[in-house]
Amino acid sequence: MRRPLCIALLVFLAVYLTALSGRIGDRDGKEQTGVGKMWSGRRVLLAGCARSLYEPADGSQENMSFIIQNIQPLSDTGGGSGDEAVQLPQKEVFLIAKQKVLCRLQKGQSLPREGSGVTVRGVVRPFLEATNPGEFDAAAYYARQGVCFSLQDAQIVAQGERYDRLADFLYGCKRRTAALYYRLLGEADGSVASAMALGIKKGMDAGTKLLYQDAGIAHVLAISGLHITFIGMALWKFLEKCRLPKILAALCCVSVLVLYGKTVGMGISTKRALWMFALMLAAGLARRTPDTLTSLACAACILLVRNPAQISDSGFWLSFSAVAGAVLLVPVLQEEGIKRPGREEGRVLRGMRAVKKSVTASFGISLFMLPVLLSCFYKWNPWSVLANLIVLPLLGALLLCLFVLASAGLVFDLAAAAGLPFGAPVSVRVLRLLALPARGIFWAYREICRATVRLPGSGLRAGVPEPWQLLLFAAGVTALLLWGKKLPPKPRMACAVLLAAVFMVRLPGKLTVTMLDVGQGECVCVETAGHHVYLLDAGSSSQKNAGQYQIIPFLEYSGVRRLEGIFVSHWDADHVNALGQLLEWAKKGQVGIGGLYLPDTTMEDGGLEELLSLAQTYAVRVERIRAGQELRDGETVFRCLHPCAGKTYADRNGSSAVIRLEHGSFGALFTGDLEADGEAWLLETYGDGSLDCSLLDAGHHGAANATTEEFLEAVNPQAVLISCGRNNSYGHPDQKTLSRIAASGAAYYVTARDGAVTVRVDGKGMTVSRFGS
């Protein structure tokens, strides 16, 4: 089938997006973020329309929120209640009038009615931007949805009497159903049920969500084509039996699906499925054969013309690539060629053939989605191909159970409100009985996930795909689509498996040193040309869960499969408190750790005991290092210059391990929290030029009592890296330190200003780049 309409739509889309290239999301997103930053910390008064209400289903009053749109900023009351009101600039008023604001209610406040006009007072907080590779970018995520900033501790000052009665009714049904799921299925399964059937992902049990992601079945948590098809086809068949005219039946189906979509939030996958189902019905009414690819291209055009920024949304690519893979690649992989004449197959052979087709279909969809999956999650569980053979067939039964449970709960609520003689014990027993199948399926899902993640090779860590991998994969898939059916089944499948293996290939690279932005703390990642990875420190005193949100995402982005070693300069919290999360991640993700290298010092305290206990808990080898020792990894050498064996130090900072990294003519010096006295000892001990380095990690986060003029002269760095938090209470980096660095002729990079800083080394020298530049 040539599909001329599909081709025309794709060409139009390519031309349209090319014309908008450089302007999609970038300019508007920066302007929105800029407004949030400009007003950050100010208490403002906003008026608008309340939408997208959220209340925790467990009954708690924590984290209630809603979005206001059609905004009318009134005035800025400054930093405190006593300040005079200042009229907001007209440009900023115009910018956010077209956008939305997320309001996080103050404890004790009640949610407004859906669609009501409200006046809200709160403190402006911009969304956090990613400052490290692999880190979640909340600012970009919300900008794609048109939300420019959040109001913290929001208070509703006034609320209009008029509201959207239909939307408010739907929200009430959604809230009661979510509460019913939590009550009957428990917190963990109730949160999953709310995500699957109602689109509520906020407040979802973190452990269960991570388990589903690691097992490769997280797609069941999204409202997608299965939900829309399930509801739409059931209603269509029912209306057919009622002998309703087809055009009226189609309108009823679409109307019900739109209401369901509004109830669950109208995500990208929901919109895609809605448009495709509507087009399928339209084709049937026109007595034309519906074409899935044409419907898919049409849905993409509609979504992207309305909001071009969705082209950069991972949900868009995941949803559309799954359908495209099922239509394009799966038929090629399932092609069996010309059947030989002979006896009819028995039940066993037919069953084996059906299983084979199911496995092939699951693998084909996963393969087609693989570049998108790796670009979003940086790893892939190949066992998910088999897990989905059980998970997806059960999903239809699970959705039926959840919809029946929700309907029964609403019926009992209406009966109770009408005063009908349904006792509470009777309704509870009935609902618990109806919930039993769902509980059984959720139990099966958990066991499947746990078994899947325990299998060897369950977490293939490829990292973000390289451009050459994407090009080679695209060429291979294109060749498979064009000529794959001409190949015998086994060679064809072998080619498909080889295409998946492309992303696991690691070509020799450059020595890379990355100082991550972990706030007021330190973490440096060194990756050798042979892709052996080492960490120097891992902690932060200003970022909560720096391991979970900054360090681990970076390691997964980089495709780290083993940590050869973790060097700890000293055991202050801002250098080690992320190690617990890091070791837990390594254990669960089957990431080996070569050893933990601690300074060999006479200082023994509670911090050291905790660190040694942590290493013992996770069975990580500990080695104490001192001046004169070295670790070699091919052409790369880690040489310890400090502490001195047997010497007593006044505090932890003074006992910091100093590591000199050497790779050919390149040298880098990492000094931990070493201060002027320690630097003087280094000058006295290694004053013969052996301190000379291209790169210097400034001591003690750029404090005034470190990185002295004499030390800078001896090291003679081309660039100095400084790790510290934004607006930290210590005043790091001190202006005196920056002046000394500038006077030495070296360039300096500060994570608080520049985000993560990456240094790449090759035969020509080193290049320094800031995150996002």
# chains A, B, ... in the order shown; residues from 1 in each chain; ligands from 1
>>> select_by_dssp(residues="region 16-264 of chain A", states="helix (DSSP H, G or I)", output="ChimeraX atom specification")
/A:16-19,26-38,90-97,138-144,165-198,206-215,218-221,225-241,246-264
>>> residues_around(residues="region 695-712 of chain A", least_positions_apart="3", cutoff="9 Å", atoms="only C-alpha atoms", output="PyMOL selection string")
chain A and resi 515+520-522+653+666-680+682-683+691+715-724+730-738+740-741+743-744+759
>>> write_last_selection(atoms="N, CA and C atoms", output="tab-separated table (two decimals), in the first residue's frame")
chain	number	residue	atom	x	y	z
A	515	MET	N	32.89	17.42	36.50
A	515	MET	CA	32.52	17.87	37.84
A	515	MET	C	31.02	18.13	37.83
A	520	GLN	N	26.08	22.41	47.29
A	520	GLN	CA	27.21	22.60	48.20
A	520	GLN	C	27.77	21.24	48.59
A	521	GLY	N	28.62	20.73	47.72
A	521	GLY	CA	29.21	19.42	47.92
A	521	GLY	C	30.20	19.15	46.81
A	522	GLU	N	30.47	17.87	46.57
A	522	GLU	CA	31.45	17.54	45.52
A	522	GLU	C	31.20	16.16	44.98
A	653	ASN	N	39.32	18.15	57.21
A	653	ASN	CA	39.77	18.89	56.04
A	653	ASN	C	41.27	18.74	55.85
A	666	PHE	N	48.73	15.25	30.15
A	666	PHE	CA	47.66	15.91	30.91
A	666	PHE	C	47.75	15.53	32.38
A	667	GLY	N	47.53	16.51	33.24
A	667	GLY	CA	47.49	16.26	34.66
A	667	GLY	C	46.35	17.04	35.31
A	668	ALA	N	45.71	16.44	36.31
A	668	ALA	CA	44.64	17.11	37.06
A	668	ALA	C	44.88	16.86	38.54
A	669	LEU	N	44.62	17.86	39.36
A	669	LEU	CA	44.86	17.76	40.80
A	669	LEU	C	43.55	17.99	41.55
A	670	PHE	N	43.20	17.01	42.39
A	670	PHE	CA	41.97	17.07	43.18
A	670	PHE	C	42.36	17.13	44.65
A	671	THR	N	42.02	18.22	45.32
A	671	THR	CA	42.55	18.48	46.66
A	671	THR	C	41.53	18.35	47.78
A	672	GLY	N	40.29	17.92	47.48
A	672	GLY	CA	39.29	17.79	48.54
A	672	GLY	C	39.04	19.11	49.22
A	673	ASP	N	39.07	19.09	50.58
A	673	ASP	CA	38.88	20.31	51.36
A	673	ASP	C	40.20	20.79	51.98
A	674	LEU	N	41.30	20.46	51.31
A	674	LEU	CA	42.61	20.87	51.81
A	674	LEU	C	42.71	22.39	51.82
A	675	GLU	N	43.29	22.93	52.91
A	675	GLU	CA	43.40	24.37	53.05
A	675	GLU	C	44.86	24.80	52.96
A	676	ALA	N	45.13	26.03	53.32
A	676	ALA	CA	46.45	26.64	53.07
A	676	ALA	C	47.59	25.83	53.71
A	677	ASP	N	47.41	25.32	54.94
A	677	ASP	CA	48.48	24.56	55.60
A	677	ASP	C	48.82	23.30	54.82
A	678	GLY	N	47.78	22.61	54.34
A	678	GLY	CA	48.01	21.40	53.56
A	678	GLY	C	48.67	21.72	52.23
A	679	GLU	N	48.27	22.82	51.61
A	679	GLU	CA	48.89	23.22	50.35
A	679	GLU	C	50.36	23.56	50.56
A	680	ALA	N	50.67	24.17	51.70
A	680	ALA	CA	52.08	24.48	52.01
A	680	ALA	C	52.91	23.20	52.15
A	682	LEU	N	52.28	20.39	50.62
A	682	LEU	CA	52.45	19.87	49.25
A	682	LEU	C	53.57	20.62	48.53
A	683	LEU	N	53.61	21.95	48.72
A	683	LEU	CA	54.66	22.75	48.08
A	683	LEU	C	56.04	22.34	48.60
A	691	LEU	N	53.95	19.23	40.84
A	691	LEU	CA	52.56	19.64	41.06
A	691	LEU	C	51.93	20.24	39.81
A	715	VAL	N	51.17	24.95	40.72
A	715	VAL	CA	50.34	24.05	39.90
A	715	VAL	C	50.25	24.56	38.46
A	716	ASN	N	50.14	25.88	38.32
A	716	ASN	CA	50.08	26.52	37.00
A	716	ASN	C	48.98	25.92	36.11
A	717	PRO	N	47.73	25.91	36.59
A	717	PRO	CA	46.66	25.26	35.82
A	717	PRO	C	46.17	26.15	34.67
A	718	GLN	N	45.65	25.49	33.65
A	718	GLN	CA	44.97	26.22	32.58
A	718	GLN	C	43.53	26.53	32.97
A	719	ALA	N	42.95	25.62	33.77
A	719	ALA	CA	41.56	25.81	34.19
A	719	ALA	C	41.41	25.33	35.63
A	720	VAL	N	40.52	26.01	36.37
A	720	VAL	CA	40.24	25.65	37.76
A	720	VAL	C	38.74	25.39	37.90
A	721	LEU	N	38.40	24.26	38.50
A	721	LEU	CA	37.00	23.90	38.72
A	721	LEU	C	36.64	24.14	40.19
A	722	ILE	N	35.47	24.70	40.42
A	722	ILE	CA	35.02	24.99	41.78
A	722	ILE	C	33.61	24.42	41.95
A	723	SER	N	33.43	23.55	42.93
A	723	SER	CA	32.12	22.96	43.20
A	723	SER	C	31.51	23.62	44.44
A	724	CYS	N	30.35	24.26	44.26
A	724	CYS	CA	29.65	24.89	45.38
A	724	CYS	C	28.20	25.10	45.02
A	730	TYR	N	28.12	29.94	53.05
A	730	TYR	CA	29.55	30.04	53.33
A	730	TYR	C	30.24	31.11	52.48
A	731	GLY	N	29.52	31.62	51.49
A	731	GLY	CA	30.12	32.62	50.61
A	731	GLY	C	31.08	32.02	49.60
A	732	HIS	N	30.94	30.72	49.32
A	732	HIS	CA	31.81	30.07	48.31
A	732	HIS	C	31.27	30.33	46.91
A	733	PRO	N	32.14	30.56	45.95
A	733	PRO	CA	33.59	30.78	46.11
A	733	PRO	C	33.88	32.20	46.57
A	734	ASP	N	34.89	32.34	47.39
A	734	ASP	CA	35.25	33.65	47.90
A	734	ASP	C	35.84	34.51	46.77
A	735	GLN	N	35.49	35.80	46.80
A	735	GLN	CA	35.96	36.69	45.73
A	735	GLN	C	37.48	36.79	45.72
A	736	LYS	N	38.12	36.67	46.87
A	736	LYS	CA	39.58	36.71	46.92
A	736	LYS	C	40.18	35.52	46.16
A	737	THR	N	39.56	34.36	46.32
A	737	THR	CA	40.04	33.17	45.60
A	737	THR	C	39.89	33.36	44.10
A	738	LEU	N	38.73	33.87	43.68
A	738	LEU	CA	38.51	34.10	42.25
A	738	LEU	C	39.52	35.10	41.70
A	740	ARG	N	42.56	35.62	42.83
A	740	ARG	CA	43.87	34.96	42.71
A	740	ARG	C	43.93	34.06	41.48
A	741	ILE	N	42.82	33.36	41.20
A	741	ILE	CA	42.80	32.48	40.03
A	741	ILE	C	42.90	33.30	38.75
A	743	ALA	N	44.20	36.23	38.40
A	743	ALA	CA	45.54	36.82	38.30
A	743	ALA	C	46.56	35.80	37.82
A	744	SER	N	46.32	34.52	38.09
A	744	SER	CA	47.25	33.48	37.64
A	744	SER	C	47.14	33.19	36.15
A	759	VAL	N	35.51	18.15	31.07
A	759	VAL	CA	36.82	18.35	30.45
A	759	VAL	C	37.16	17.11	29.64
>>> residues_around(residues="Asp214 (chain A)", least_positions_apart="4", cutoff="8 Å", atoms="only C-alpha atoms", output="list in words")
Leu210, Asn381, Cys449, Val453 and Gly459 of chain A
>>> write_last_selection(atoms="all heavy atoms", output="mmCIF file, in the first residue's frame")
data_model
loop_
_atom_site.group_PDB
_atom_site.id
_atom_site.type_symbol
_atom_site.label_atom_id
_atom_site.label_comp_id
_atom_site.auth_asym_id
_atom_site.auth_seq_id
_atom_site.Cartn_x
_atom_site.Cartn_y
_atom_site.Cartn_z
ATOM 1 N N LEU A 210 9.363 2.211 40.423
ATOM 2 C CA LEU A 210 10.714 1.835 40.029
ATOM 3 C C LEU A 210 10.770 0.369 39.610
ATOM 4 O O LEU A 210 11.463 0.016 38.648
ATOM 5 C CB LEU A 210 11.685 2.090 41.184
ATOM 6 C CG LEU A 210 13.166 1.821 40.907
ATOM 7 C CD1 LEU A 210 13.666 2.735 39.798
ATOM 8 C CD2 LEU A 210 13.990 2.036 42.173
ATOM 9 N N ASN A 381 15.684 -3.484 29.534
ATOM 10 C CA ASN A 381 15.597 -4.836 30.060
ATOM 11 C C ASN A 381 15.115 -5.761 28.947
ATOM 12 O O ASN A 381 13.925 -5.761 28.621
ATOM 13 C CB ASN A 381 14.629 -4.888 31.248
ATOM 14 C CG ASN A 381 14.649 -6.230 31.951
ATOM 15 O OD1 ASN A 381 15.104 -7.227 31.395
ATOM 16 N ND2 ASN A 381 14.157 -6.269 33.169
ATOM 17 N N CYS A 449 7.644 -8.878 37.784
ATOM 18 C CA CYS A 449 8.669 -7.828 37.808
ATOM 19 C C CYS A 449 9.879 -8.262 38.630
ATOM 20 O O CYS A 449 11.029 -8.092 38.208
ATOM 21 C CB CYS A 449 8.095 -6.536 38.371
ATOM 22 S SG CYS A 449 6.924 -5.697 37.289
ATOM 23 N N VAL A 453 13.692 -8.690 37.057
ATOM 24 C CA VAL A 453 14.855 -7.866 37.401
ATOM 25 C C VAL A 453 15.975 -8.691 38.038
ATOM 26 O O VAL A 453 17.117 -8.220 38.124
ATOM 27 C CB VAL A 453 14.464 -6.706 38.339
ATOM 28 C CG1 VAL A 453 13.476 -5.782 37.659
ATOM 29 C CG2 VAL A 453 13.899 -7.213 39.656
ATOM 30 N N GLY A 459 19.407 -5.465 33.187
ATOM 31 C CA GLY A 459 19.577 -4.020 33.018
ATOM 32 C C GLY A 459 20.738 -3.723 32.087
ATOM 33 O O GLY A 459 21.859 -3.496 32.540
#
>>> select_by_dssp(residues="region 312-469 of chain A", states="strand (DSSP E or B)", output="number ranges by chain")
A: 379-380, 460-461
>>> residues_around(residues="Ala14 (chain A)", least_positions_apart="4", cutoff="12 Å", atoms="only C-alpha atoms", output="ChimeraX atom specification")
/A:7-10,18-21,297,300-301,304-305,308,311
>>> residues_around(residues="Arg3 (chain A)", least_positions_apart="2", cutoff="10 Å", atoms="only C-alpha atoms", output="ChimeraX atom specification")
/A:1,5-8,291,293-294
>>> residues_around(residues="region 574-585 of chain A", least_positions_apart="6", cutoff="10 Å", atoms="only C-alpha atoms", output="PDB file with N, CA, C and O atoms, in the first residue's frame")
ATOM      1  N   VAL A 518      26.298  19.339  42.258  1.00  0.00           N
ATOM      2  CA  VAL A 518      25.531  18.710  43.330  1.00  0.00           C
ATOM      3  C   VAL A 518      25.232  19.713  44.440  1.00  0.00           C
ATOM      4  O   VAL A 518      24.977  19.340  45.576  1.00  0.00           O
ATOM      5  N   GLY A 519      25.269  20.993  44.112  1.00  0.00           N
ATOM      6  CA  GLY A 519      25.049  22.019  45.122  1.00  0.00           C
ATOM      7  C   GLY A 519      26.288  22.188  45.981  1.00  0.00           C
ATOM      8  O   GLY A 519      27.423  22.105  45.490  1.00  0.00           O
ATOM      9  N   GLN A 520      26.083  22.406  47.287  1.00  0.00           N
ATOM     10  CA  GLN A 520      27.208  22.603  48.201  1.00  0.00           C
ATOM     11  C   GLN A 520      27.775  21.240  48.588  1.00  0.00           C
ATOM     12  O   GLN A 520      27.448  20.659  49.620  1.00  0.00           O
ATOM     13  N   GLY A 521      28.615  20.732  47.724  1.00  0.00           N
ATOM     14  CA  GLY A 521      29.214  19.416  47.918  1.00  0.00           C
ATOM     15  C   GLY A 521      30.198  19.149  46.810  1.00  0.00           C
ATOM     16  O   GLY A 521      30.703  20.083  46.171  1.00  0.00           O
ATOM     17  N   GLU A 522      30.471  17.871  46.566  1.00  0.00           N
ATOM     18  CA  GLU A 522      31.449  17.545  45.524  1.00  0.00           C
ATOM     19  C   GLU A 522      31.204  16.156  44.977  1.00  0.00           C
ATOM     20  O   GLU A 522      30.910  15.204  45.705  1.00  0.00           O
ATOM     21  N   CYS A 523      31.300  16.029  43.671  1.00  0.00           N
ATOM     22  CA  CYS A 523      31.320  14.737  42.992  1.00  0.00           C
ATOM     23  C   CYS A 523      31.955  14.941  41.629  1.00  0.00           C
ATOM     24  O   CYS A 523      31.467  15.731  40.820  1.00  0.00           O
ATOM     25  N   LEU A 536      35.247  10.614  42.386  1.00  0.00           N
ATOM     26  CA  LEU A 536      35.947  11.271  43.480  1.00  0.00           C
ATOM     27  C   LEU A 536      34.910  12.031  44.298  1.00  0.00           C
ATOM     28  O   LEU A 536      34.355  13.035  43.829  1.00  0.00           O
ATOM     29  N   ASP A 537      34.596  11.493  45.470  1.00  0.00           N
ATOM     30  CA  ASP A 537      33.598  12.023  46.390  1.00  0.00           C
ATOM     31  C   ASP A 537      32.187  11.900  45.814  1.00  0.00           C
ATOM     32  O   ASP A 537      31.995  11.764  44.599  1.00  0.00           O
ATOM     33  N   ALA A 538      31.210  11.956  46.713  1.00  0.00           N
ATOM     34  CA  ALA A 538      29.800  11.886  46.307  1.00  0.00           C
ATOM     35  C   ALA A 538      28.946  12.361  47.472  1.00  0.00           C
ATOM     36  O   ALA A 538      28.548  11.565  48.327  1.00  0.00           O
ATOM     37  N   GLY A 539      28.690  13.659  47.519  1.00  0.00           N
ATOM     38  CA  GLY A 539      27.881  14.173  48.613  1.00  0.00           C
ATOM     39  C   GLY A 539      27.468  15.613  48.402  1.00  0.00           C
ATOM     40  O   GLY A 539      27.987  16.306  47.516  1.00  0.00           O
ATOM     41  N   SER A 540      26.514  16.064  49.218  1.00  0.00           N
ATOM     42  CA  SER A 540      26.040  17.444  49.149  1.00  0.00           C
ATOM     43  C   SER A 540      25.334  17.780  50.451  1.00  0.00           C
ATOM     44  O   SER A 540      24.601  16.953  51.003  1.00  0.00           O
ATOM     45  N   SER A 541      25.555  18.984  50.940  1.00  0.00           N
ATOM     46  CA  SER A 541      24.852  19.433  52.150  1.00  0.00           C
ATOM     47  C   SER A 541      23.647  20.303  51.816  1.00  0.00           C
ATOM     48  O   SER A 541      22.856  20.626  52.698  1.00  0.00           O
ATOM     49  N   SER A 542      23.481  20.669  50.551  1.00  0.00           N
ATOM     50  CA  SER A 542      22.365  21.544  50.177  1.00  0.00           C
ATOM     51  C   SER A 542      21.311  20.838  49.336  1.00  0.00           C
ATOM     52  O   SER A 542      20.151  21.230  49.333  1.00  0.00           O
ATOM     53  N   GLN A 543      21.700  19.795  48.610  1.00  0.00           N
ATOM     54  CA  GLN A 543      20.769  19.070  47.753  1.00  0.00           C
ATOM     55  C   GLN A 543      20.318  17.804  48.467  1.00  0.00           C
ATOM     56  O   GLN A 543      21.130  16.938  48.784  1.00  0.00           O
ATOM     57  N   LYS A 544      19.025  17.681  48.702  1.00  0.00           N
ATOM     58  CA  LYS A 544      18.511  16.447  49.272  1.00  0.00           C
ATOM     59  C   LYS A 544      18.548  15.353  48.212  1.00  0.00           C
ATOM     60  O   LYS A 544      18.154  15.565  47.071  1.00  0.00           O
ATOM     61  N   ASN A 545      19.036  14.189  48.616  1.00  0.00           N
ATOM     62  CA  ASN A 545      19.085  13.044  47.698  1.00  0.00           C
ATOM     63  C   ASN A 545      19.869  13.360  46.420  1.00  0.00           C
ATOM     64  O   ASN A 545      19.408  13.106  45.310  1.00  0.00           O
ATOM     65  N   ALA A 546      21.060  13.935  46.598  1.00  0.00           N
ATOM     66  CA  ALA A 546      21.900  14.253  45.436  1.00  0.00           C
ATOM     67  C   ALA A 546      22.273  12.987  44.670  1.00  0.00           C
ATOM     68  O   ALA A 546      22.435  13.028  43.448  1.00  0.00           O
ATOM     69  N   GLY A 547      22.401  11.881  45.384  1.00  0.00           N
ATOM     70  CA  GLY A 547      22.706  10.625  44.706  1.00  0.00           C
ATOM     71  C   GLY A 547      21.596  10.215  43.769  1.00  0.00           C
ATOM     72  O   GLY A 547      21.829   9.846  42.618  1.00  0.00           O
ATOM     73  N   GLN A 548      20.358  10.304  44.233  1.00  0.00           N
ATOM     74  CA  GLN A 548      19.209   9.864  43.448  1.00  0.00           C
ATOM     75  C   GLN A 548      18.906  10.790  42.285  1.00  0.00           C
ATOM     76  O   GLN A 548      18.535  10.328  41.207  1.00  0.00           O
ATOM     77  N   GLN A 550      20.951  13.603  41.028  1.00  0.00           N
ATOM     78  CA  GLN A 550      22.029  14.167  40.216  1.00  0.00           C
ATOM     79  C   GLN A 550      23.077  13.126  39.805  1.00  0.00           C
ATOM     80  O   GLN A 550      23.387  13.003  38.626  1.00  0.00           O
ATOM     81  N   ILE A 551      23.600  12.370  40.771  1.00  0.00           N
ATOM     82  CA  ILE A 551      24.743  11.489  40.476  1.00  0.00           C
ATOM     83  C   ILE A 551      24.314  10.247  39.712  1.00  0.00           C
ATOM     84  O   ILE A 551      24.872   9.928  38.642  1.00  0.00           O
ATOM     85  N   ILE A 552      23.320   9.528  40.218  1.00  0.00           N
ATOM     86  CA  ILE A 552      22.879   8.287  39.558  1.00  0.00           C
ATOM     87  C   ILE A 552      22.324   8.560  38.161  1.00  0.00           C
ATOM     88  O   ILE A 552      22.662   7.837  37.214  1.00  0.00           O
ATOM     89  N   LEU A 555      25.271   8.845  35.866  1.00  0.00           N
ATOM     90  CA  LEU A 555      25.923   7.561  35.606  1.00  0.00           C
ATOM     91  C   LEU A 555      25.104   6.731  34.622  1.00  0.00           C
ATOM     92  O   LEU A 555      25.668   6.060  33.741  1.00  0.00           O
ATOM     93  N   ILE A 566      35.879   4.325  43.937  1.00  0.00           N
ATOM     94  CA  ILE A 566      35.361   5.586  44.460  1.00  0.00           C
ATOM     95  C   ILE A 566      36.394   6.133  45.441  1.00  0.00           C
ATOM     96  O   ILE A 566      36.662   5.509  46.481  1.00  0.00           O
ATOM     97  N   VAL A 568      37.464   8.754  48.183  1.00  0.00           N
ATOM     98  CA  VAL A 568      36.860   9.653  49.175  1.00  0.00           C
ATOM     99  C   VAL A 568      37.959  10.535  49.745  1.00  0.00           C
ATOM    100  O   VAL A 568      38.921  10.038  50.346  1.00  0.00           O
ATOM    101  N   VAL A 591      25.563  -3.320  39.199  1.00  0.00           N
ATOM    102  CA  VAL A 591      26.716  -2.516  38.801  1.00  0.00           C
ATOM    103  C   VAL A 591      27.853  -2.805  39.788  1.00  0.00           C
ATOM    104  O   VAL A 591      27.732  -2.531  40.981  1.00  0.00           O
ATOM    105  N   GLY A 592      28.934  -3.372  39.309  1.00  0.00           N
ATOM    106  CA  GLY A 592      30.050  -3.712  40.174  1.00  0.00           C
ATOM    107  C   GLY A 592      30.808  -2.482  40.646  1.00  0.00           C
ATOM    108  O   GLY A 592      30.873  -1.469  39.948  1.00  0.00           O
ATOM    109  N   ILE A 593      31.385  -2.555  41.845  1.00  0.00           N
ATOM    110  CA  ILE A 593      32.221  -1.479  42.381  1.00  0.00           C
ATOM    111  C   ILE A 593      33.556  -2.084  42.781  1.00  0.00           C
ATOM    112  O   ILE A 593      33.616  -3.003  43.609  1.00  0.00           O
ATOM    113  N   GLY A 607      32.145   9.451  61.781  1.00  0.00           N
ATOM    114  CA  GLY A 607      31.940   9.520  60.335  1.00  0.00           C
ATOM    115  C   GLY A 607      32.641   8.393  59.608  1.00  0.00           C
ATOM    116  O   GLY A 607      32.086   7.791  58.679  1.00  0.00           O
ATOM    117  N   LEU A 611      31.029   5.127  57.474  1.00  0.00           N
ATOM    118  CA  LEU A 611      31.465   4.844  56.115  1.00  0.00           C
ATOM    119  C   LEU A 611      31.933   3.391  55.983  1.00  0.00           C
ATOM    120  O   LEU A 611      31.589   2.696  55.010  1.00  0.00           O
ATOM    121  N   LEU A 614      28.956   1.108  56.108  1.00  0.00           N
ATOM    122  CA  LEU A 614      28.234   1.146  54.835  1.00  0.00           C
ATOM    123  C   LEU A 614      28.907   0.248  53.812  1.00  0.00           C
ATOM    124  O   LEU A 614      28.242  -0.517  53.097  1.00  0.00           O
ATOM    125  N   ALA A 615      30.228   0.321  53.728  1.00  0.00           N
ATOM    126  CA  ALA A 615      30.971  -0.508  52.783  1.00  0.00           C
ATOM    127  C   ALA A 615      30.793  -1.986  53.110  1.00  0.00           C
ATOM    128  O   ALA A 615      30.650  -2.826  52.208  1.00  0.00           O
ATOM    129  N   THR A 617      28.201  -3.356  54.633  1.00  0.00           N
ATOM    130  CA  THR A 617      26.819  -3.732  54.327  1.00  0.00           C
ATOM    131  C   THR A 617      26.670  -4.118  52.860  1.00  0.00           C
ATOM    132  O   THR A 617      25.957  -5.076  52.532  1.00  0.00           O
ATOM    133  N   TYR A 618      27.340  -3.379  51.983  1.00  0.00           N
ATOM    134  CA  TYR A 618      27.207  -3.634  50.546  1.00  0.00           C
ATOM    135  C   TYR A 618      28.382  -4.433  49.977  1.00  0.00           C
ATOM    136  O   TYR A 618      28.524  -4.524  48.750  1.00  0.00           O
ATOM    137  N   ALA A 619      29.187  -5.012  50.860  1.00  0.00           N
ATOM    138  CA  ALA A 619      30.299  -5.887  50.459  1.00  0.00           C
ATOM    139  C   ALA A 619      31.239  -5.200  49.467  1.00  0.00           C
ATOM    140  O   ALA A 619      31.633  -5.782  48.453  1.00  0.00           O
ATOM    141  N   VAL A 620      31.588  -3.939  49.764  1.00  0.00           N
ATOM    142  CA  VAL A 620      32.514  -3.183  48.919  1.00  0.00           C
ATOM    143  C   VAL A 620      33.893  -3.182  49.590  1.00  0.00           C
ATOM    144  O   VAL A 620      34.019  -2.854  50.772  1.00  0.00           O
ATOM    145  N   GLY A 672      40.286  17.922  47.483  1.00  0.00           N
ATOM    146  CA  GLY A 672      39.292  17.785  48.536  1.00  0.00           C
ATOM    147  C   GLY A 672      39.037  19.108  49.222  1.00  0.00           C
ATOM    148  O   GLY A 672      38.839  20.136  48.579  1.00  0.00           O
ATOM    149  N   ASP A 673      39.070  19.088  50.575  1.00  0.00           N
ATOM    150  CA  ASP A 673      38.880  20.313  51.356  1.00  0.00           C
ATOM    151  C   ASP A 673      40.197  20.789  51.978  1.00  0.00           C
ATOM    152  O   ASP A 673      40.200  21.444  53.033  1.00  0.00           O
TER     153      ASP A 673
END
>>> atom_distance(atom1="CA of Gly664 (chain A)", atom2="CA of Gly745 (chain A)")
23.1 Å
>>> closest_residue(among="A:Ala650, A:Val330, A:Met493, A:Ile223", to="Thr601 (chain A)", atoms="only C-alpha atoms")
A:Ala650
>>> atom_distance(atom1="CA of Gly606 (chain A)", atom2="CA of Gly646 (chain A)")
19.9 Å
